[in-house]
$ cat structure_12.txt   # compact mmCIF, C-alpha atoms
# COMPACT_ATOMS: atom_id res chain seq x y z
CA MET A 1 0.00 0.00 0.00
CA ILE A 2 1.08 3.58 -0.64
CA ASP A 3 1.10 4.38 3.09
CA ILE A 4 3.93 1.89 3.65
CA ILE A 5 5.89 3.21 0.66
CA LEU A 6 5.61 6.84 1.82
CA THR A 7 6.51 5.93 5.40
CA ASP A 8 9.59 4.03 4.20
CA ILE A 9 10.75 6.96 2.05
CA ILE A 10 10.47 9.36 4.97
CA THR A 11 12.27 6.93 7.27
CA GLN A 12 15.12 6.60 4.77
CA GLU A 13 15.43 10.23 3.71
CA VAL A 14 14.80 12.12 6.95
CA PRO A 15 17.55 11.29 9.46
CA THR A 16 16.36 13.80 12.07
CA ASP A 17 13.74 13.18 14.75
CA ASP A 18 11.69 16.15 13.61
CA VAL A 19 10.54 17.21 10.17
CA GLY A 20 8.81 20.23 8.69
CA ILE A 21 5.98 19.89 6.22
CA LEU A 22 4.27 22.29 3.83
CA LEU A 23 0.71 21.47 4.89
CA SER A 24 -2.16 22.60 2.70
CA GLY A 25 -4.84 20.56 4.40
CA GLY A 26 -5.39 18.54 1.23
CA VAL A 27 -5.12 14.78 0.79
CA ASP A 28 -1.52 14.76 -0.47
CA SER A 29 0.16 16.85 2.22
CA LEU A 30 -1.94 15.27 4.95
CA SER A 31 -0.88 11.81 3.79
CA LEU A 32 2.78 12.83 4.17
CA ALA A 33 2.16 14.19 7.66
CA PHE A 34 0.44 10.92 8.59
CA ALA A 35 3.33 8.92 7.11
CA ALA A 36 5.86 11.04 8.99
CA GLU A 37 4.04 10.39 12.24
CA ARG A 38 3.96 6.66 11.50
CA ALA A 39 7.72 6.90 10.91
CA GLY A 40 8.09 8.27 14.43
CA LYS A 41 8.88 11.85 13.41
CA THR A 42 7.82 14.96 15.29
CA VAL A 43 5.81 16.96 12.78
CA HIS A 44 5.96 20.76 12.48
CA ALA A 45 3.48 22.02 9.90
CA TYR A 46 3.73 25.25 7.93
CA THR A 47 0.72 26.75 6.21
CA PHE A 48 -0.17 30.19 4.91
CA HIS A 49 -2.91 32.53 3.83
CA LEU A 50 -3.01 35.94 2.25
CA GLU A 51 -3.25 38.97 4.50
CA GLY A 52 -6.90 39.55 5.40
CA ASP A 53 -8.08 36.42 3.57
CA LYS A 54 -7.81 33.21 5.55
CA SER A 55 -8.25 30.23 3.24
CA TYR A 56 -9.84 26.81 3.59
CA ASP A 57 -6.36 25.28 3.32
CA ALA A 58 -5.09 27.24 6.30
CA TYR A 59 -8.14 26.36 8.41
CA LYS A 60 -7.85 22.68 7.44
CA ALA A 61 -4.12 22.54 8.20
CA GLU A 62 -4.72 24.11 11.61
CA GLU A 63 -7.54 21.66 12.29
CA ALA A 64 -5.28 18.71 11.52
CA CYS A 65 -2.54 20.09 13.76
CA THR A 66 -4.99 20.48 16.63
CA VAL A 67 -6.37 16.94 16.20
CA PHE A 68 -2.96 15.26 15.92
CA GLY A 69 -0.96 17.50 18.25
CA TRP A 70 1.43 18.83 15.61
CA LYS A 71 3.07 22.20 15.99
CA CYS A 72 1.66 24.62 13.44
CA THR A 73 3.07 27.87 12.08
CA THR A 74 0.65 29.88 9.98
CA ILE A 75 2.34 32.55 7.89
CA VAL A 76 0.35 35.60 6.82
CA VAL A 77 1.55 36.57 3.35
CA PRO A 78 1.54 40.34 2.79
CA ILE A 79 -0.18 41.69 -0.28
CA THR A 80 1.27 45.20 -0.32
CA ASN A 81 4.64 44.18 -1.82
CA LEU A 82 3.18 42.37 -4.81
CA LYS A 83 4.81 44.43 -7.56
CA ASP A 84 8.27 44.06 -6.02
CA ASP A 85 7.65 40.36 -5.38
CA PHE A 86 6.59 39.85 -9.00
CA LEU A 87 9.83 41.39 -10.26
CA ARG A 88 11.82 39.43 -7.70
CA LEU A 89 10.31 36.20 -9.02
CA VAL A 90 11.50 37.10 -12.51
CA ARG A 91 15.01 38.19 -11.55
CA TYR A 92 15.95 35.51 -9.06
CA TYR A 93 13.64 32.51 -9.50
CA ASP A 94 13.29 32.16 -13.27
CA CYS A 95 9.51 32.32 -13.15
CA ARG A 96 8.21 32.26 -16.70
CA LYS A 97 4.63 31.04 -16.60
CA LYS A 98 1.64 32.41 -14.71
CA THR A 99 1.58 29.27 -12.57
CA HIS A 100 5.29 29.66 -11.72
CA PHE A 101 4.65 33.14 -10.36
CA GLU A 102 1.50 32.33 -8.46
CA CYS A 103 2.70 29.04 -6.95
CA THR A 104 6.10 30.39 -5.86
CA PHE A 105 4.96 33.77 -4.53
CA PRO A 106 3.68 32.71 -1.06
CA PHE A 107 6.77 30.64 -0.36
CA LEU A 108 8.96 33.74 -0.52
CA TYR A 109 7.41 34.42 2.89
CA VAL A 110 6.99 30.86 4.16
CA PHE A 111 10.55 29.58 3.85
CA PRO A 112 12.22 32.12 6.19
CA HIS A 113 10.01 30.74 8.99
CA ILE A 114 11.00 27.08 8.57
CA GLU A 115 13.09 25.83 11.48
CA GLN A 116 13.73 22.22 10.48
CA SER A 117 16.60 20.94 8.36
CA TYR A 118 14.32 18.59 6.41
CA LEU A 119 11.05 19.63 4.81
CA LEU A 120 8.32 17.44 3.31
CA SER A 121 6.35 18.60 0.29
CA GLY A 122 3.52 16.90 -1.59
CA ILE A 123 4.43 18.74 -4.78
CA GLY A 124 3.58 16.85 -7.96
CA ALA A 125 1.24 14.29 -6.39
CA ASP A 126 -1.75 15.53 -8.39
CA GLY A 127 -0.13 14.26 -11.58
CA TYR A 128 -0.81 10.65 -10.64
CA TYR A 129 -4.54 11.18 -10.40
CA GLY A 130 -5.31 13.34 -13.43
CA VAL A 131 -7.50 15.74 -11.47
CA SER A 132 -6.95 18.80 -13.65
CA LYS A 133 -9.76 19.89 -15.96
CA LYS A 134 -7.55 19.11 -18.96
CA ALA A 135 -6.82 15.59 -17.74
CA ILE A 136 -10.44 14.82 -16.89
CA LEU A 137 -11.74 16.05 -20.24
CA HIS A 138 -9.10 14.56 -22.50
CA TYR A 139 -6.96 11.91 -20.81
CA LYS A 140 -8.78 9.90 -18.15
CA GLU A 141 -9.54 6.99 -20.47
CA PRO A 142 -8.47 4.64 -21.88
CA LYS A 143 -5.72 3.76 -19.43
CA GLU A 144 -3.03 3.90 -22.14
CA LYS A 145 -3.88 7.54 -22.80
CA PHE A 146 -4.00 8.28 -19.07
CA ASP A 147 -0.58 6.65 -18.60
CA GLN A 148 0.92 8.77 -21.39
CA PHE A 149 -0.45 11.92 -19.74
CA ARG A 150 1.21 10.89 -16.49
CA GLN A 151 4.49 10.03 -18.19
CA ASN A 152 4.63 13.50 -19.70
CA TYR A 153 3.68 15.13 -16.41
CA PHE A 154 6.63 13.55 -14.64
CA ILE A 155 9.35 14.36 -17.13
CA PRO A 156 12.27 15.36 -14.84
CA TYR A 157 11.91 18.92 -13.52
CA ASN A 158 8.69 19.40 -15.49
CA VAL A 159 6.48 19.56 -12.39
CA THR A 160 5.20 23.12 -12.05
CA GLY A 161 7.09 25.12 -9.44
CA PHE A 162 9.49 22.35 -8.47
CA ARG A 163 12.68 24.18 -9.46
CA GLN A 164 11.57 27.32 -7.66
CA ILE A 165 10.64 25.53 -4.43
CA GLU A 166 13.90 23.60 -4.50
CA GLN A 167 15.82 26.87 -4.95
CA LEU A 168 14.05 28.44 -1.97
CA SER A 169 14.91 25.37 0.10
CA ASN A 170 18.57 25.54 -0.89
CA GLU A 171 18.76 29.24 -0.03
CA GLN A 172 17.58 28.45 3.50
CA GLY A 173 19.86 25.42 3.90
CA ILE A 174 16.86 23.10 3.97
CA LYS A 175 16.75 19.64 2.41
CA LEU A 176 13.52 19.30 0.44
CA ILE A 177 11.95 15.83 0.61
CA HIS A 178 9.31 15.20 -2.05
CA PRO A 179 8.14 11.57 -1.73
CA TYR A 180 5.55 11.75 -4.48
CA ILE A 181 7.91 12.62 -7.34
CA TYR A 182 11.05 11.02 -8.72
CA HIS A 183 10.59 7.86 -6.65
CA ASN A 184 10.16 4.78 -8.82
CA ASP A 185 8.33 2.75 -6.19
CA VAL A 186 5.70 5.49 -5.86
CA LYS A 187 5.33 5.77 -9.63
CA ASP A 188 5.04 2.01 -10.03
CA PHE A 189 2.32 1.91 -7.39
CA PHE A 190 0.13 4.56 -9.02
CA PHE A 191 0.66 3.38 -12.58
CA GLN A 192 -0.99 0.06 -11.71
CA TYR A 193 -4.34 1.82 -11.60
CA ASP A 194 -6.59 3.56 -14.06
CA TRP A 195 -8.25 6.93 -13.43
CA PHE A 196 -11.43 5.41 -11.99
CA GLU A 197 -9.65 3.10 -9.57
CA LEU A 198 -7.71 6.07 -8.18
CA ASN A 199 -10.57 8.55 -7.92
CA GLN A 200 -13.79 6.72 -7.08
CA PRO A 201 -15.98 7.01 -5.11
CA LYS A 202 -13.99 10.07 -3.96
CA GLN A 203 -11.08 11.89 -5.56
CA LYS A 204 -7.76 10.32 -4.50
CA GLN A 205 -9.70 7.50 -2.85
CA ILE A 206 -6.73 5.14 -2.89
CA VAL A 207 -4.75 7.33 -0.49
CA ARG A 208 -7.78 8.11 1.65
CA ASP A 209 -8.16 4.35 2.11
CA SER A 210 -4.48 3.82 2.92
CA PHE A 211 -4.70 6.33 5.78
CA ARG A 212 -8.31 5.57 6.64
CA ASP A 213 -7.90 5.77 10.43
CA GLU A 214 -6.18 9.15 10.28
CA PHE A 215 -8.59 10.73 7.81
CA SER A 216 -11.53 9.50 9.88
CA ARG A 217 -10.43 11.77 12.72
CA LEU A 218 -10.84 14.89 10.58
CA SER A 219 -13.87 16.57 9.10
CA PRO A 220 -14.24 15.66 5.40
CA VAL A 221 -11.33 16.77 3.22
CA LYS A 222 -12.39 18.57 0.06
CA ASP A 223 -11.38 17.62 -3.45
CA HIS A 224 -8.22 19.11 -4.88
CA ILE A 225 -8.07 22.76 -5.85
CA ASN A 226 -4.94 24.43 -7.17
CA LEU A 227 -2.92 26.27 -4.54
CA GLN A 228 -3.27 29.64 -6.25
CA LEU A 229 -7.03 29.27 -6.68
CA GLY A 230 -7.76 28.06 -3.17
CA SER A 231 -5.82 30.93 -1.61
CA ASN A 232 -7.08 33.61 -4.06
CA ILE A 233 -3.55 34.32 -5.27
CA ASP A 234 -4.88 34.27 -8.82
CA HIS A 235 -7.23 37.16 -8.01
CA LEU A 236 -4.46 39.05 -6.22
CA PHE A 237 -2.19 38.80 -9.25
CA GLU A 238 -4.92 40.23 -11.46
CA THR A 239 -4.44 43.54 -9.63
CA LEU A 240 -1.03 43.82 -11.30
CA LEU A 241 -2.84 44.50 -14.56
CA ASP A 242 -3.96 47.85 -13.14
CA ASP A 243 -0.38 49.06 -12.71
CA LYS A 244 0.18 51.11 -15.87
CA MET A 245 3.97 51.16 -15.48
CA LEU A 246 4.33 47.46 -14.80
CA ASN A 247 1.72 46.56 -17.41
CA ASN A 248 3.01 48.94 -20.05
CA ARG A 249 1.59 46.81 -22.86
CA SER A 250 -1.96 46.98 -21.45
CA ARG A 251 -2.27 43.22 -21.12
CA LYS A 252 -5.67 41.85 -20.14
CA ARG A 253 -4.43 38.53 -18.75
CA VAL A 254 -1.81 37.76 -16.12
CA MET A 255 -0.42 34.96 -18.29
CA ASP A 256 0.47 37.52 -20.96
CA LEU A 257 2.02 39.87 -18.42
CA ALA A 258 4.10 36.99 -17.07
CA SER A 259 5.26 36.14 -20.60
CA ASP A 260 6.34 39.74 -21.20
CA TYR A 261 8.64 39.73 -18.19
CA ALA A 262 9.84 36.18 -18.71
CA SER A 263 11.05 37.27 -22.13
CA THR A 264 13.34 39.88 -20.55
CA GLY A 265 14.69 37.46 -17.95
CA SER A 266 15.67 40.33 -15.66
CA GLY A 267 12.51 41.90 -14.31
CA THR A 268 13.02 45.02 -16.37
CA LEU A 269 10.13 46.69 -18.13
CA PRO A 270 9.53 45.08 -21.52
CA LEU A 271 9.83 47.53 -24.39
$ encode --input "structure_12.txt" --output "structure tokens"
Amino acid sequence: MIDIILTDIITQEVPTDDVGILLSGGVDSLSLAFAAERAGKTVHAYTFHLEGDKSYDAYKAEEACTVFGWKCTTIVVPITNLKDDFLRLVRYYDCRKKTHFECTFPFLYVFPHIEQSYLLSGIGADGYYGVSKKAILHYKEPKEKFDQFRQNYFIPYNVTGFRQIEQLSNEQGIKLIHPYIYHNDVKDFFFQYDWFELNQPKQKQIVRDSFRDEFSRLSPVKDHINLQLGSNIDHLFETLLDDKMLNNRSRKRVMDLASDYASTGSGTLPL
């Protein structure tokens, strides 16, 4: 079962008694926290929400920490430095796509708070399940097509935001542990199953079942929603379009604004 595989990875890759975890309150990050506890680790969770806008993810992470007795640090991400943060993401973190910007942005503020030398992240886990709109509409069946979608998703360093999160970890002297990606035993486990076996009757059912006792102690965990959508980061970034100097090409979409700056590679105003 996947619970045993995840617990073994954490046991092997985390030599310390304690471990940090980026906890969203979703199935993937919760499963890693449960596995870490089964491995005998002391769990310290880190979650975030935007200033003045506490998210479901933050509430759910705090609920889990209360139920299981984990230490929890909730970081309030400021929204008043957004323009400078946007340019910083271009200059120093090679953000090129809208999702790179939005998924990396909050962690500029999270990582300075992390106290542990080893940090668990559930990054990339969604790729096994095909829970994106694109995957559900075009790739969930037959299994051969679903498998090809997953193969492409897990091309090395193709997972959205992975390079940026790894860079932030390195800057803080933290070892990032990501059990769901680039582990063959995890991949082999998930690739046994088709889309329906993984996601019915509930999304990510196979992991919910593997940690059934732990999940039963929490109120129901919602289906997956992208980090930037669940925390309203996507709406926050839309305010950048109103900055006439930053958006000197009068773009109507953040993805186009991101492309303009990615093309300069330096955070300078595009001509």
$ closest_residue --input "structure_12.txt" --among "A:Ser250, A:Ser219, A:Thr239, A:Ser24" --to "Leu120 in chain A" --atoms "all atoms listed in the file"
A:Ser24
$ residues_around --input "structure_12.txt" --residues "Gln116 in chain A" --least-positions-apart "3" --cutoff "7 Å" --atoms "all atoms listed in the file" --output "list in words"
Val19, Gly20 and Leu119 of chain A
$ write_last_selection --input "structure_12.txt" --atoms "C-alpha atoms" --output "PDB file, keeping the file's coordinate frame"
ATOM      1  CA  VAL A  19      10.540  17.210  10.170  1.00  0.00           C
ATOM      2  CA  GLY A  20       8.810  20.230   8.690  1.00  0.00           C
ATOM      3  CA  LEU A 119      11.050  19.630   4.810  1.00  0.00           C
TER       4      LEU A 119
END
$ atom_distance --input "structure_12.txt" --atom1 "CA of Val43 in chain A" --atom2 "CA of Gly69 in chain A"
8.7 Å
$ closest_residue --input "structure_12.txt" --among "A:Lys175, A:Lys71, A:Lys97, A:His183" --to "Arg253 in chain A" --atoms "all atoms listed in the file"
A:Lys97
$ axis_aligned_box --input "structure_12.txt" --around "range 176-183 of chain A" --padding-each-side "4 Å" --output "AutoDock Vina command-line options"
--center_x 9.5 --center_y 13.6 --center_z -4.1 --size_x 16.0 --size_y 19.4 --size_z 17.3
$ residues_around --input "structure_12.txt" --residues "Gln192 in chain A" --least-positions-apart "2" --cutoff "12 Å" --atoms "all atoms listed in the file" --output "list of chain:residue names"
A:Met1, A:Ile2, A:Tyr128, A:Tyr129, A:Lys143, A:Glu144, A:Phe146, A:Asp147, A:Asp185, A:Val186, A:Lys187, A:Asp188, A:Phe189, A:Phe190, A:Asp194, A:Trp195, A:Phe196, A:Glu197, A:Leu198, A:Ile206
$ closest_residue --input "structure_12.txt" --among "A:Gln228, A:His49, A:Lys41, A:Leu30" --to "Pro15 in chain A" --atoms "all atoms listed in the file"
A:Lys41
$ atom_distance --input "structure_12.txt" --atom1 "CA of Gln151 in chain A" --atom2 "CA of Ile5 in chain A"
20.1 Å
$ closest_residue --input "structure_12.txt" --among "A:Gln148, A:Asn248, A:Gln164, A:Ser231" --to "Phe191 in chain A" --atoms "only C-alpha atoms"
A:Gln148
$ residues_around --input "structure_12.txt" --residues "Ile21 in chain A" --least-positions-apart "2" --cutoff "12 Å" --atoms "only C-alpha atoms" --output "NGL selection string"
:A and (10 or 14 or 18-19 or 23-25 or 28-37 or 41-47 or 61 or 65 or 70-74 or 110-111 or 113-123 or 174-179)
$ closest_residue --input "structure_12.txt" --among "A:Gly130, A:Pro201, A:Gly161, A:Leu50" --to "His235 in chain A" --atoms "all atoms listed in the file"
A:Leu50
$ residues_near_point --input "structure_12.txt" --point "(5.8, 33.6, -2.5)" --cutoff "10 Å" --atoms "all atoms listed in the file" --output "ChimeraX atom specification"
/A:77-78,82,85-86,88-89,101-111,164-165,168,233
$ write_last_selection --input "structure_12.txt" --atoms "C-alpha atoms" --output "PDB file, in the coordinates of the input"
ATOM      1  CA  VAL A  77       1.550  36.570   3.350  1.00  0.00           C
ATOM      2  CA  PRO A  78       1.540  40.340   2.790  1.00  0.00           C
ATOM      3  CA  LEU A  82       3.180  42.370  -4.810  1.00  0.00           C
ATOM      4  CA  ASP A  85       7.650  40.360  -5.380  1.00  0.00           C
ATOM      5  CA  PHE A  86       6.590  39.850  -9.000  1.00  0.00           C
ATOM      6  CA  ARG A  88      11.820  39.430  -7.700  1.00  0.00           C
ATOM      7  CA  LEU A  89      10.310  36.200  -9.020  1.00  0.00           C
ATOM      8  CA  PHE A 101       4.650  33.140 -10.360  1.00  0.00           C
ATOM      9  CA  GLU A 102       1.500  32.330  -8.460  1.00  0.00           C
ATOM     10  CA  CYS A 103       2.700  29.040  -6.950  1.00  0.00           C
ATOM     11  CA  THR A 104       6.100  30.390  -5.860  1.00  0.00           C
ATOM     12  CA  PHE A 105       4.960  33.770  -4.530  1.00  0.00           C
ATOM     13  CA  PRO A 106       3.680  32.710  -1.060  1.00  0.00           C
ATOM     14  CA  PHE A 107       6.770  30.640  -0.360  1.00  0.00           C
ATOM     15  CA  LEU A 108       8.960  33.740  -0.520  1.00  0.00           C
ATOM     16  CA  TYR A 109       7.410  34.420   2.890  1.00  0.00           C
ATOM     17  CA  VAL A 110       6.990  30.860   4.160  1.00  0.00           C
ATOM     18  CA  PHE A 111      10.550  29.580   3.850  1.00  0.00           C
ATOM     19  CA  GLN A 164      11.570  27.320  -7.660  1.00  0.00           C
ATOM     20  CA  ILE A 165      10.640  25.530  -4.430  1.00  0.00           C
ATOM     21  CA  LEU A 168      14.050  28.440  -1.970  1.00  0.00           C
ATOM     22  CA  ILE A 233      -3.550  34.320  -5.270  1.00  0.00           C
TER      23      ILE A 233
END
